[in-house]
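Dropping structure_33.tsv in here (TSV, C-alpha atoms and all ligand atoms):
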chain	number	residue	atom	x	y	z
Z	15	MET	CA	101.63	179.19	70.42
Z	16	SER	CA	103.29	180.76	67.40
Z	17	ASN	CA	100.92	183.24	65.81
Z	18	ALA	CA	101.95	186.71	64.66
Z	19	TYR	CA	98.85	188.43	66.06
Z	20	ILE	CA	98.99	186.66	69.43
Z	21	ASN	CA	102.69	187.53	69.69
Z	22	ALA	CA	101.85	191.13	68.84
Z	23	ILE	CA	99.19	191.49	71.53
Z	24	LYS	CA	101.39	189.72	74.11
Z	25	SER	CA	103.68	192.76	74.14
Z	26	ARG	CA	100.86	195.04	75.32
Z	27	ARG	CA	100.98	195.62	79.06
Z	28	SER	CA	100.14	198.43	81.48
Z	29	GLN	CA	103.24	200.61	81.68
Z	30	TYR	CA	103.21	203.21	84.44
Z	31	ALA	CA	106.91	204.19	84.29
Z	32	LEU	CA	106.95	206.48	81.27
Z	33	GLY	CA	109.66	208.67	79.73
Z	34	LYS	CA	109.68	211.42	77.12
Z	35	GLU	CA	111.69	209.67	74.39
Z	36	LEU	CA	109.85	207.98	71.53
Z	37	PRO	CA	111.38	205.40	69.18
Z	38	LEU	CA	109.48	207.00	66.26
Z	39	PRO	CA	108.95	210.59	65.09
Z	40	GLN	CA	105.71	212.15	66.41
Z	41	GLN	CA	104.19	212.09	62.92
Z	42	GLU	CA	104.65	208.31	62.73
Z	43	VAL	CA	103.18	207.81	66.19
Z	44	THR	CA	100.21	209.92	65.12
Z	45	ALA	CA	99.78	207.84	61.95
Z	46	LEU	CA	99.97	204.64	63.99
Z	47	ILE	CA	97.28	205.80	66.42
Z	48	GLN	CA	95.03	207.04	63.62
Z	49	GLU	CA	95.42	203.82	61.63
Z	50	ALA	CA	94.72	201.65	64.69
Z	51	ILE	CA	91.48	203.55	65.32
Z	52	LYS	CA	90.44	203.60	61.65
Z	53	LEU	CA	90.94	199.83	61.36
Z	54	SER	CA	88.89	199.12	64.51
Z	55	PRO	CA	85.34	197.92	63.84
Z	56	SER	CA	82.19	199.75	64.94
Z	57	SER	CA	78.49	198.85	64.86
Z	58	PHE	CA	76.98	199.51	61.42
Z	59	ASN	CA	80.44	200.84	60.53
Z	60	SER	CA	79.29	203.99	62.31
Z	61	GLN	CA	82.88	205.03	63.19
Z	62	SER	CA	81.77	206.74	66.38
Z	63	SER	CA	85.25	206.81	67.93
Z	64	ARG	CA	87.16	210.10	68.06
Z	65	ALA	CA	90.62	210.79	69.43
Z	66	VAL	CA	92.64	213.76	70.54
Z	67	ILE	CA	96.36	213.06	70.33
Z	68	LEU	CA	98.45	215.24	72.61
Z	69	PHE	CA	102.25	215.48	72.60
Z	70	GLY	CA	104.67	217.20	74.95
Z	71	SER	CA	103.35	220.35	76.59
Z	72	GLN	CA	99.83	219.66	75.27
Z	73	SER	CA	99.81	216.35	77.14
Z	74	ASP	CA	101.23	218.09	80.23
Z	75	GLN	CA	98.36	220.55	79.99
Z	76	PHE	CA	95.82	217.72	80.02
Z	77	TRP	CA	97.35	216.16	83.15
Z	78	SER	CA	97.52	219.55	84.82
Z	79	ILE	CA	93.77	219.93	84.16
Z	80	VAL	CA	93.18	216.50	85.75
Z	81	LYS	CA	95.34	217.44	88.73
Z	82	GLU	CA	93.45	220.68	89.35
Z	83	GLU	CA	90.10	218.91	89.10
Z	84	LEU	CA	91.30	216.22	91.54
Z	85	ARG	CA	92.55	218.90	93.94
Z	86	LYS	CA	88.91	220.01	94.31
Z	87	ILE	CA	87.74	216.58	95.50
Z	88	VAL	CA	90.70	214.77	97.08
Z	89	PRO	CA	91.34	215.51	100.79
Z	90	ALA	CA	94.43	217.73	101.19
Z	91	GLU	CA	96.33	215.07	103.18
Z	92	ALA	CA	95.86	212.50	100.38
Z	93	PHE	CA	96.67	214.86	97.54
Z	94	ALA	CA	100.45	214.37	97.54
Z	95	ALA	CA	100.05	210.71	96.49
Z	96	THR	CA	97.41	211.64	93.92
Z	97	GLY	CA	99.65	214.36	92.49
Z	98	THR	CA	102.61	211.96	92.20
Z	99	LYS	CA	100.46	209.49	90.28
Z	100	ILE	CA	99.31	212.16	87.84
Z	101	ASP	CA	102.89	213.43	87.43
Z	102	GLY	CA	103.80	209.88	86.37
Z	103	PHE	CA	101.37	210.12	83.45
Z	104	ALA	CA	102.66	213.57	82.54
Z	105	ALA	CA	106.21	212.14	82.53
Z	106	GLY	CA	105.38	210.37	79.26
Z	107	ALA	CA	105.68	211.69	75.70
Z	108	GLY	CA	101.98	212.10	75.08
Z	109	THR	CA	98.40	211.09	75.76
Z	110	VAL	CA	95.58	209.81	73.58
Z	111	LEU	CA	92.12	210.95	74.66
Z	112	PHE	CA	89.44	208.57	73.45
Z	113	TYR	CA	86.04	210.06	72.74
Z	114	GLU	CA	82.75	208.73	71.37
Z	115	ASP	CA	80.65	211.09	69.27
Z	116	GLN	CA	77.16	211.09	70.83
Z	117	ASN	CA	75.67	212.64	67.67
Z	118	VAL	CA	76.53	209.46	65.78
Z	119	ILE	CA	74.69	207.40	68.38
Z	120	ALA	CA	71.63	209.70	68.34
Z	121	GLU	CA	71.51	209.54	64.54
Z	122	LEU	CA	71.65	205.73	64.55
Z	123	GLN	CA	68.91	205.60	67.19
Z	124	LYS	CA	66.70	207.71	64.95
Z	125	GLN	CA	67.50	205.66	61.88
Z	126	PHE	CA	67.20	202.20	63.48
Z	127	ALA	CA	64.70	202.66	66.32
Z	128	ALA	CA	64.46	198.91	66.98
Z	129	TYR	CA	68.11	198.91	68.14
Z	130	ALA	CA	67.92	202.22	70.02
Z	131	ASP	CA	68.96	200.73	73.38
Z	132	ASN	CA	71.94	198.96	71.85
Z	133	PHE	CA	73.72	201.87	70.21
Z	134	PRO	CA	75.17	203.38	73.41
Z	135	VAL	CA	76.41	199.91	74.41
Z	136	TRP	CA	77.91	199.28	71.00
Z	137	SER	CA	79.59	202.67	71.11
Z	138	GLU	CA	81.29	201.70	74.40
Z	139	GLN	CA	82.36	198.40	72.88
Z	140	ALA	CA	83.72	200.15	69.78
Z	141	SER	CA	85.67	202.52	72.03
Z	142	GLY	CA	87.15	199.57	73.94
Z	143	ILE	CA	88.23	197.92	70.70
Z	144	ALA	CA	89.81	201.18	69.49
Z	145	GLN	CA	91.63	201.56	72.83
Z	146	PHE	CA	93.00	198.03	72.64
Z	147	SER	CA	94.08	198.51	69.01
Z	148	VAL	CA	96.00	201.68	69.84
Z	149	TRP	CA	97.51	200.19	73.00
Z	150	SER	CA	98.73	197.11	71.08
Z	151	ALA	CA	100.01	199.16	68.12
Z	152	LEU	CA	102.00	201.40	70.49
Z	153	ALA	CA	103.41	198.36	72.30
Z	154	ASN	CA	104.53	196.89	68.99
Z	155	ALA	CA	106.34	200.13	68.21
Z	156	GLY	CA	108.17	199.82	71.55
Z	157	ILE	CA	106.04	202.51	73.21
Z	158	GLY	CA	104.65	201.94	76.71
Z	159	ALA	CA	101.15	203.04	77.71
Z	160	SER	CA	98.41	202.57	80.27
Z	161	LEU	CA	94.67	203.08	80.30
Z	162	GLN	CA	93.17	205.70	82.61
Z	163	HIS	CA	89.65	206.89	83.43
Z	164	TYR	CA	89.61	210.34	84.97
Z	165	ASN	CA	86.51	211.29	82.99
Z	166	PRO	CA	84.24	213.08	83.66
Z	167	LEU	CA	86.47	215.30	85.84
Z	168	PRO	CA	88.52	216.93	83.04
Z	169	ASP	CA	85.82	216.81	80.33
Z	170	ALA	CA	84.65	220.43	80.37
Z	171	ALA	CA	88.12	221.99	80.70
Z	172	ALA	CA	89.56	219.70	78.00
Z	173	ALA	CA	86.68	220.49	75.62
Z	174	SER	CA	87.34	224.18	76.12
Z	175	GLU	CA	91.16	223.90	75.90
Z	176	TRP	CA	91.11	222.00	72.59
Z	177	ASN	CA	87.87	223.44	71.26
Z	178	LEU	CA	86.15	220.05	70.91
Z	179	PRO	CA	82.58	219.47	69.71
Z	180	ALA	CA	80.03	219.26	72.54
Z	181	SER	CA	78.91	215.86	71.22
Z	182	TRP	CA	82.32	214.26	71.93
Z	183	LYS	CA	82.17	212.29	75.19
Z	184	LEU	CA	85.47	211.41	76.84
Z	185	ARG	CA	85.70	207.70	77.60
Z	186	ALA	CA	89.38	206.97	78.39
Z	187	GLN	CA	92.85	208.46	78.50
Z	188	MET	CA	96.03	206.66	77.39
Z	189	PRO	CA	99.31	208.22	78.52
Z	190	PHE	CA	102.23	206.83	76.49
Z	191	GLY	CA	105.99	207.16	76.24
Z	192	ALA	CA	109.29	205.38	76.68
Z	193	ASN	CA	109.20	202.17	78.72
Z	194	LYS	CA	111.09	203.25	81.82
Z	195	GLY	CA	110.35	200.11	83.81
Z	196	GLY	CA	109.63	196.42	83.41
Z	197	PHE	CA	106.22	194.86	83.68
Z	198	GLY	CA	104.83	193.15	86.74
Z	199	GLU	CA	103.97	189.48	86.85
Z	200	LYS	CA	100.56	188.80	85.40
Z	201	SER	CA	98.48	185.85	86.53
Z	202	PHE	CA	95.74	184.12	84.60
Z	203	ILE	CA	92.75	182.32	86.04
Z	204	ASP	CA	92.17	178.71	84.99
Z	205	ASP	CA	91.08	178.24	81.41
Z	206	ALA	CA	88.43	175.79	82.69
Z	207	GLN	CA	86.77	178.70	84.52
Z	208	ARG	CA	86.60	180.85	81.39
Z	209	PHE	CA	86.08	178.63	78.42
Z	210	ARG	CA	83.65	175.91	77.39
Z	211	VAL	CA	84.57	174.15	74.17
Z	212	PHE	CA	82.25	171.73	72.44
Z	213	ALA	CA	83.42	169.81	69.40
Z	301	LIG	C1	88.10	198.45	80.63
Z	301	LIG	C2	89.39	198.64	81.36
Z	301	LIG	C3	89.52	199.65	82.29
Z	301	LIG	C4	90.75	199.89	82.91
Z	301	LIG	N1	90.88	200.98	83.73
Z	301	LIG	C5	92.10	201.26	84.25
Z	301	LIG	C6	92.29	202.45	85.00
Z	301	LIG	O1	91.38	203.27	85.14
Z	301	LIG	N2	93.52	202.69	85.50
Z	301	LIG	C7	94.57	201.82	85.32
Z	301	LIG	O2	95.67	202.10	85.79
Z	301	LIG	N3	94.42	200.70	84.58
Z	301	LIG	C8	93.21	200.40	84.05
Z	301	LIG	N4	93.05	199.28	83.29
Z	301	LIG	C9	94.22	198.37	83.08
Z	301	LIG	C10	94.07	197.03	83.79
Z	301	LIG	O3	94.20	197.18	85.18
Z	301	LIG	C11	95.14	196.10	83.22
Z	301	LIG	O4	94.97	196.01	81.83
Z	301	LIG	C12	95.06	194.71	83.83
Z	301	LIG	O5	95.42	194.74	85.18
Z	301	LIG	C13	95.99	193.72	83.11
Z	301	LIG	O6	97.34	194.19	83.08
Z	301	LIG	P1	98.09	194.46	81.70
Z	301	LIG	O7	97.46	195.68	81.07
Z	301	LIG	O8	99.53	194.71	82.09
Z	301	LIG	O9	97.92	193.27	80.83
Z	301	LIG	C14	91.85	199.03	82.66
Z	301	LIG	C15	91.70	197.99	81.73
Z	301	LIG	C16	90.50	197.80	81.08
Z	301	LIG	C17	90.40	196.71	80.04
Go through the file and emit its structure as structure tokens.
Ligand SMILES: Cc1cc2nc3c(=O)[nH]c(=O)nc-3n(C[C@H](O)[C@H](O)[C@H](O)COP(=O)(O)O)c2cc1C
Amino acid sequence: MSNAYINAIKSRRSQYALGKELPLPQQEVTALIQEAIKLSPSSFNSQSSRAVILFGSQSDQFWSIVKEELRKIVPAEAFAATGTKIDGFAAGAGTVLFYEDQNVIAELQKQFAAYADNFPVWSEQASGIAQFSVWSALANAGIGASLQHYNPLPDAAAASEWNLPASWKLRAQMPFGANKGGFGEKSFIDDAQRFRVFA
């Protein structure tokens, strides 16, 4: 299939082997991430997604918070492997922290009571769309990334470190950087299992 968008999203894969070098200046990477999130849709155009973009030592600080939180719950004999995994994320150039502003959800629930149960779900969906947009935009700039979920372990320490509003809820973390490795084979289940087309 030859379609510019499909080709663009084909280049997005989970990259775990990250390096510090970026093909673009930090300012351009920041603009790319911001634009990808701004252009992502949200229910009622509520724009509930928030992001904290960390470069260099700031990103290292985030992963060191995660490591210390994990140290409290992972058995000592298993911690070496855990630590190595976290160091792999810190080896990148930066990390995007994806948040959803719970105040936006509460406000919508007040305003549109009939949909109250849906707003938290839609917020999660909006966050997923924003994550995919950023991931694909980074991939198209030649930047590798993966999607991680250490929340809620680092939430309190991260909120304090970067002075974030209490209403911001951490949903995902995306370490990014130079592609230091290839991508594994990826298999797809049969189309017949996934799709029903009627024409
Ligand atoms: C909602 C969601 C949650 C995910 N959570 C994690 C995660 O916590 N850690 C991780 O390493 N990858 C995570 N992934 C990445 C998937 O494992 C990965 O996208 C999938 O295996 C397909 O590989 P690809 O990204 O190379 O296409 C997640 C992906 C999605 C969409």
(message) Between Z:Pro39, Z:Gly158, Z:Gly108, Z:Gly195, which residue has the minimum interatomic distance to Ser73 in chain Z, considering all atoms listed in the file?
(response)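 For Ser73 in chain Z, the nearest of the given residues is Z:Gly108.
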(request) Tell me which protein, DNA and RNA residues are within 10 Å of Asn154 in chain Z, counting all atoms listed in the file, leaving out same-chain ones fewer than 2 positions away, and put them as number ranges by chain. (result) Z: 21-26, 148-152, 156-158
Closest-contact table, chain Z side, partner ligand LIG 301 (chain Z), 10 Å, counting all atoms listed in the file, as a Markdown table:
| residue | atom | partner | partner_atom | distance |
| --- | --- | --- | --- | --- |
| Z:Ile23 | CA | Z:LIG301 | O9 | 9.6 |
| Z:Lys24 | CA | Z:LIG301 | O9 | 8.4 |
| Z:Ser25 | CA | Z:LIG301 | O9 | 8.8 |
| Z:Arg26 | CA | Z:LIG301 | O9 | 6.5 |
| Z:Arg27 | CA | Z:LIG301 | O8 | 3.5 |
| Z:Ser28 | CA | Z:LIG301 | O8 | 3.8 |
| Z:Gln29 | CA | Z:LIG301 | O8 | 7.0 |
| Z:Tyr30 | CA | Z:LIG301 | O2 | 7.7 |
| Z:Lys99 | CA | Z:LIG301 | O2 | 9.9 |
| Z:Glu138 | CA | Z:LIG301 | C1 | 9.8 |
| Z:Gln139 | CA | Z:LIG301 | C1 | 9.6 |
| Z:Ser141 | CA | Z:LIG301 | C1 | 9.8 |
| Z:Gly142 | CA | Z:LIG301 | C1 | 6.8 |
| Z:Ile143 | CA | Z:LIG301 | C17 | 9.7 |
| Z:Gln145 | CA | Z:LIG301 | C17 | 8.8 |
| Z:Phe146 | CA | Z:LIG301 | C17 | 8.0 |
| Z:Trp149 | CA | Z:LIG301 | O7 | 9.2 |
| Z:Ala159 | CA | Z:LIG301 | O7 | 8.9 |
| Z:Ser160 | CA | Z:LIG301 | N3 | 6.2 |
| Z:Leu161 | CA | Z:LIG301 | C8 | 4.8 |
| Z:Gln162 | CA | Z:LIG301 | O1 | 3.9 |
| Z:His163 | CA | Z:LIG301 | O1 | 4.4 |
| Z:Tyr164 | CA | Z:LIG301 | O1 | 7.3 |
| Z:Asn165 | CA | Z:LIG301 | O1 | 9.6 |
| Z:Ala186 | CA | Z:LIG301 | O1 | 8.0 |
| Z:Gln187 | CA | Z:LIG301 | O1 | 8.6 |
| Z:Met188 | CA | Z:LIG301 | N2 | 9.4 |
| Z:Phe197 | CA | Z:LIG301 | O8 | 6.9 |
| Z:Gly198 | CA | Z:LIG301 | O8 | 7.2 |
| Z:Glu199 | CA | Z:LIG301 | O8 | 8.4 |
| Z:Lys200 | CA | Z:LIG301 | O6 | 6.7 |
| Z:Ser201 | CA | Z:LIG301 | C13 | 8.9 |
| Z:Phe202 | CA | Z:LIG301 | C13 | 9.7 |
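Of the residues under consideration (Z:Ile79, Z:Val118, Z:Ala107, Z:Ala18), Z:Val118 shows the shortest atom-to-atom contact distance to Phe133 in chain Z when counting all atoms listed in the file.
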(message) From the options Z:Ser71, Z:Ser147, Z:Asn177, Z:Gln123, which residue's atoms come nearest to Val135 in chain Z, counting only C-alpha atoms?
(response)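 Checking each of Z:Ser71, Z:Ser147, Z:Asn177, Z:Gln123 against Val135 in chain Z, counting only C-alpha atoms, the winner is Z:Gln123.
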Pull the closest atom pair for each residue of range 96-121 of chain Z that gets at most 10 Å from range 127-132 of chain Z, along with the distance in Å to one decimal, counting only C-alpha atoms, ordering rows by chain and then ascending residue number, as a tab-separated table.
residue	atom	partner	partner_atom	distance
Z:Ile119	CA	Z:Ala130	CA	8.7
Z:Ala120	CA	Z:Ala130	CA	8.5
Z:Glu121	CA	Z:Ala130	CA	9.8
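Around Ala31 in chain Z, within 9 Å and counting all atoms listed in the file, the residues found are Gln29, Gly33, Gly102, Phe103, Ala105, Gly106, Gly158, Ala159, Gly191, Ala192, Asn193, Lys194, Gly195 and Gly196 of chain Z, once anything fewer than 2 positions away on its own chain is removed.
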(message) Please report the interatomic distance between CA of Pro168 in chain Z and CA of Phe76 in chain Z in Å with one decimal.
(response)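 Taking CA of Pro168 in chain Z and CA of Phe76 in chain Z, their separation equals 7.9 Å.
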Atoms added to range 40-58 of chain Z (N, CA, C and O atoms), reported as a PDB file, in the frame of the given file:
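Saved file result-v7.pdb follows:
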ATOM      1  N   GLN Z  40     107.106 211.907  65.998  1.00  0.00           N
ATOM      2  CA  GLN Z  40     105.710 212.150  66.410  1.00  0.00           C
ATOM      3  C   GLN Z  40     104.715 211.884  65.288  1.00  0.00           C
ATOM      4  O   GLN Z  40     103.630 211.350  65.509  1.00  0.00           O
ATOM      5  N   GLN Z  41     105.106 212.281  64.056  1.00  0.00           N
ATOM      6  CA  GLN Z  41     104.190 212.090  62.920  1.00  0.00           C
ATOM      7  C   GLN Z  41     103.852 210.616  62.709  1.00  0.00           C
ATOM      8  O   GLN Z  41     102.729 210.261  62.358  1.00  0.00           O
ATOM      9  N   GLU Z  42     104.879 209.752  62.912  1.00  0.00           N
ATOM     10  CA  GLU Z  42     104.650 208.310  62.730  1.00  0.00           C
ATOM     11  C   GLU Z  42     103.805 207.741  63.866  1.00  0.00           C
ATOM     12  O   GLU Z  42     102.984 206.851  63.651  1.00  0.00           O
ATOM     13  N   VAL Z  43     104.007 208.264  65.057  1.00  0.00           N
ATOM     14  CA  VAL Z  43     103.180 207.810  66.190  1.00  0.00           C
ATOM     15  C   VAL Z  43     101.737 208.229  65.935  1.00  0.00           C
ATOM     16  O   VAL Z  43     100.796 207.445  66.137  1.00  0.00           O
ATOM     17  N   THR Z  44     101.560 209.442  65.449  1.00  0.00           N
ATOM     18  CA  THR Z  44     100.210 209.920  65.120  1.00  0.00           C
ATOM     19  C   THR Z  44      99.561 209.023  64.073  1.00  0.00           C
ATOM     20  O   THR Z  44      98.404 208.608  64.226  1.00  0.00           O
ATOM     21  N   ALA Z  45     100.319 208.682  63.030  1.00  0.00           N
ATOM     22  CA  ALA Z  45      99.780 207.840  61.950  1.00  0.00           C
ATOM     23  C   ALA Z  45      99.398 206.465  62.496  1.00  0.00           C
ATOM     24  O   ALA Z  45      98.350 205.906  62.129  1.00  0.00           O
ATOM     25  N   LEU Z  46     100.228 205.949  63.387  1.00  0.00           N
ATOM     26  CA  LEU Z  46      99.970 204.640  63.990  1.00  0.00           C
ATOM     27  C   LEU Z  46      98.659 204.657  64.780  1.00  0.00           C
ATOM     28  O   LEU Z  46      97.810 203.758  64.657  1.00  0.00           O
ATOM     29  N   ILE Z  47      98.482 205.685  65.587  1.00  0.00           N
ATOM     30  CA  ILE Z  47      97.280 205.800  66.420  1.00  0.00           C
ATOM     31  C   ILE Z  47      96.046 205.959  65.524  1.00  0.00           C
ATOM     32  O   ILE Z  47      95.010 205.305  65.718  1.00  0.00           O
ATOM     33  N   GLN Z  48      96.172 206.805  64.515  1.00  0.00           N
ATOM     34  CA  GLN Z  48      95.030 207.040  63.620  1.00  0.00           C
ATOM     35  C   GLN Z  48      94.649 205.760  62.877  1.00  0.00           C
ATOM     36  O   GLN Z  48      93.462 205.430  62.755  1.00  0.00           O
ATOM     37  N   GLU Z  49      95.675 205.051  62.375  1.00  0.00           N
ATOM     38  CA  GLU Z  49      95.420 203.820  61.630  1.00  0.00           C
ATOM     39  C   GLU Z  49      94.769 202.768  62.528  1.00  0.00           C
ATOM     40  O   GLU Z  49      93.817 202.094  62.117  1.00  0.00           O
ATOM     41  N   ALA Z  50      95.268 202.644  63.753  1.00  0.00           N
ATOM     42  CA  ALA Z  50      94.720 201.650  64.690  1.00  0.00           C
ATOM     43  C   ALA Z  50      93.241 201.931  64.945  1.00  0.00           C
ATOM     44  O   ALA Z  50      92.427 201.008  65.039  1.00  0.00           O
ATOM     45  N   ILE Z  51      92.885 203.202  65.060  1.00  0.00           N
ATOM     46  CA  ILE Z  51      91.480 203.550  65.320  1.00  0.00           C
ATOM     47  C   ILE Z  51      90.643 203.342  64.055  1.00  0.00           C
ATOM     48  O   ILE Z  51      89.543 202.784  64.102  1.00  0.00           O
ATOM     49  N   LYS Z  52      91.195 203.752  62.905  1.00  0.00           N
ATOM     50  CA  LYS Z  52      90.440 203.600  61.650  1.00  0.00           C
ATOM     51  C   LYS Z  52      90.158 202.133  61.333  1.00  0.00           C
ATOM     52  O   LYS Z  52      89.126 201.801  60.754  1.00  0.00           O
ATOM     53  N   LEU Z  53      91.100 201.249  61.684  1.00  0.00           N
ATOM     54  CA  LEU Z  53      90.940 199.830  61.360  1.00  0.00           C
ATOM     55  C   LEU Z  53      90.106 199.079  62.404  1.00  0.00           C
ATOM     56  O   LEU Z  53      89.825 197.896  62.235  1.00  0.00           O
ATOM     57  N   SER Z  54      89.719 199.759  63.474  1.00  0.00           N
ATOM     58  CA  SER Z  54      88.890 199.120  64.510  1.00  0.00           C
ATOM     59  C   SER Z  54      87.435 199.105  64.060  1.00  0.00           C
ATOM     60  O   SER Z  54      86.944 200.095  63.519  1.00  0.00           O
ATOM     61  N   PRO Z  55      86.740 197.998  64.283  1.00  0.00           N
ATOM     62  CA  PRO Z  55      85.340 197.920  63.840  1.00  0.00           C
ATOM     63  C   PRO Z  55      84.389 198.703  64.734  1.00  0.00           C
ATOM     64  O   PRO Z  55      84.701 198.975  65.896  1.00  0.00           O
ATOM     65  N   SER Z  56      83.227 199.073  64.159  1.00  0.00           N
ATOM     66  CA  SER Z  56      82.190 199.750  64.940  1.00  0.00           C
ATOM     67  C   SER Z  56      80.838 199.275  64.424  1.00  0.00           C
ATOM     68  O   SER Z  56      80.738 198.841  63.277  1.00  0.00           O
ATOM     69  N   SER Z  57      79.805 199.353  65.266  1.00  0.00           N
ATOM     70  CA  SER Z  57      78.490 198.850  64.860  1.00  0.00           C
ATOM     71  C   SER Z  57      77.999 199.628  63.641  1.00  0.00           C
ATOM     72  O   SER Z  57      78.123 200.855  63.593  1.00  0.00           O
ATOM     73  N   PHE Z  58      77.478 198.910  62.679  1.00  0.00           N
ATOM     74  CA  PHE Z  58      76.980 199.510  61.420  1.00  0.00           C
ATOM     75  C   PHE Z  58      78.069 200.342  60.734  1.00  0.00           C
ATOM     76  O   PHE Z  58      77.762 201.268  60.006  1.00  0.00           O
TER      77      PHE Z  58
END
